Amino acid sequence: MRPTLRPDAVLVQAVIAGALSFAHLHDLAQAAGQTGWKAWAYPVSVDLLLVAAWNRLRSLRAAGTSARSAWTWFTVALAASLGANISTAGLLDLTDVPDWLRILVAGWPALAFLGGTLLVHSPGHPAADPPAEPDAEAGHPPAVEAVIERDAVAEPEPEVAPAPALPSPEPEPGPEPAEEAAPEPEPVPVAVPPALVAHARKVADDHRARTGYPIDADTLRARLGVPPPMANAIAAQLA
């Protein structure tokens with residue numbers, strides 16, 4: 001299946017612009033005294049230098065090296081192309097070209113040759129060191145490694161003194177038995193006055209009448225303002 005050719009607007013525009021620039025360079029070179037095939041060679045030289053400088057500029061930027069020289073020749077070629085296009089726009093009488101323009105047109109081949117040579121031979125990527133060639137290719141015989149033979153009679157090995165016996169490690173003492181906790185002393189009974197017990201009974205009856213539950217030791221302690229041991233003793237007597 002053959003691929004279908006589709007017109008590309010960018011490509012068509014590039015062809016038209018290139019043809020016009022080519023014609024303007026030819027007309028300017030012919031007006032400056034370059035006739036025949038020489039007039040046609042000038043636009044080719046300018047455009048080729050412009051393309052070569054652009055390609056060199058891209059490769060140098062990709063390599064991370066300085067692209068100052070490529071920028072210089074790209075600017076020179078672009079100035080030559082723009083100058084030719086502007087000169088043929090009616091601002092310059094092509095029937096009477098000034099002498100300085102004839103000098104520029106005549107000196108362009110040497111300038112373009114210099115620019116192309118510098119672009120081709122300017123350093124780009126750092127050249128890798130060539131691998132070292134063997135001595136045989138350099139004309140020298142390969143080095144022969146000397147083989148050292150051992151003596152037939154083996155040397156007596158030095159006697160090794162036996163290592164002293166290490167003392168046996170002493171057994172580590174085991175954990176000491178935990179001391180038994182001493183029994184807590186029993187609480188000493190608290191003597192409660194009968195009058196206080198009677199008053200506490202009234203408070204407990206009042207609490208049961210209001211809440212429906214018997215009074216606890218904490219509430220009884222808060223109501224009577226007595227210490228916790230005495231409150232516990234009173235609660236035990238009320239139970």
# chains A, B, ... in the order shown; residues from 1 in each chain; ligands from 1
call {"tool": "residues_around", "arguments": {"residues": "region 34-40 of chain A", "least_positions_apart": "5", "cutoff": "9 Å", "atoms": "only C-alpha atoms", "output": "VMD selection string"}}
result
chain A and resid 22 to 23 25 to 29 105 to 106
call {"tool": "residues_around", "arguments": {"residues": "Gly83 (chain A)", "least_positions_apart": "5", "cutoff": "12 Å", "atoms": "only C-alpha atoms", "output": "mmCIF file with C-alpha atoms, in the first residue's frame"}}
result
data_model
loop_
_atom_site.group_PDB
_atom_site.id
_atom_site.type_symbol
_atom_site.label_atom_id
_atom_site.label_comp_id
_atom_site.auth_asym_id
_atom_site.auth_seq_id
_atom_site.Cartn_x
_atom_site.Cartn_y
_atom_site.Cartn_z
ATOM 1 C CA SER A 21 15.325 34.083 -1.128
ATOM 2 C CA HIS A 24 16.917 37.487 -4.603
ATOM 3 C CA LEU A 25 20.447 36.276 -3.884
ATOM 4 C CA LEU A 28 21.955 40.591 -6.346
ATOM 5 C CA ALA A 29 24.994 38.531 -7.290
ATOM 6 C CA VAL A 46 24.574 31.336 1.646
ATOM 7 C CA THR A 75 24.400 35.387 12.190
ATOM 8 C CA VAL A 76 26.725 36.086 9.242
ATOM 9 C CA ALA A 77 24.759 33.811 6.882
ATOM 10 C CA LEU A 78 21.438 35.218 8.096
ATOM 11 C CA THR A 88 16.213 43.767 -4.060
ATOM 12 C CA ALA A 89 13.105 45.435 -2.616
ATOM 13 C CA LEU A 91 15.878 50.371 -2.199
ATOM 14 C CA LEU A 92 18.941 49.680 -4.339
ATOM 15 C CA LEU A 101 28.515 45.915 -2.431
ATOM 16 C CA LEU A 104 31.192 42.194 -0.374
ATOM 17 C CA VAL A 105 29.772 39.926 -3.075
#
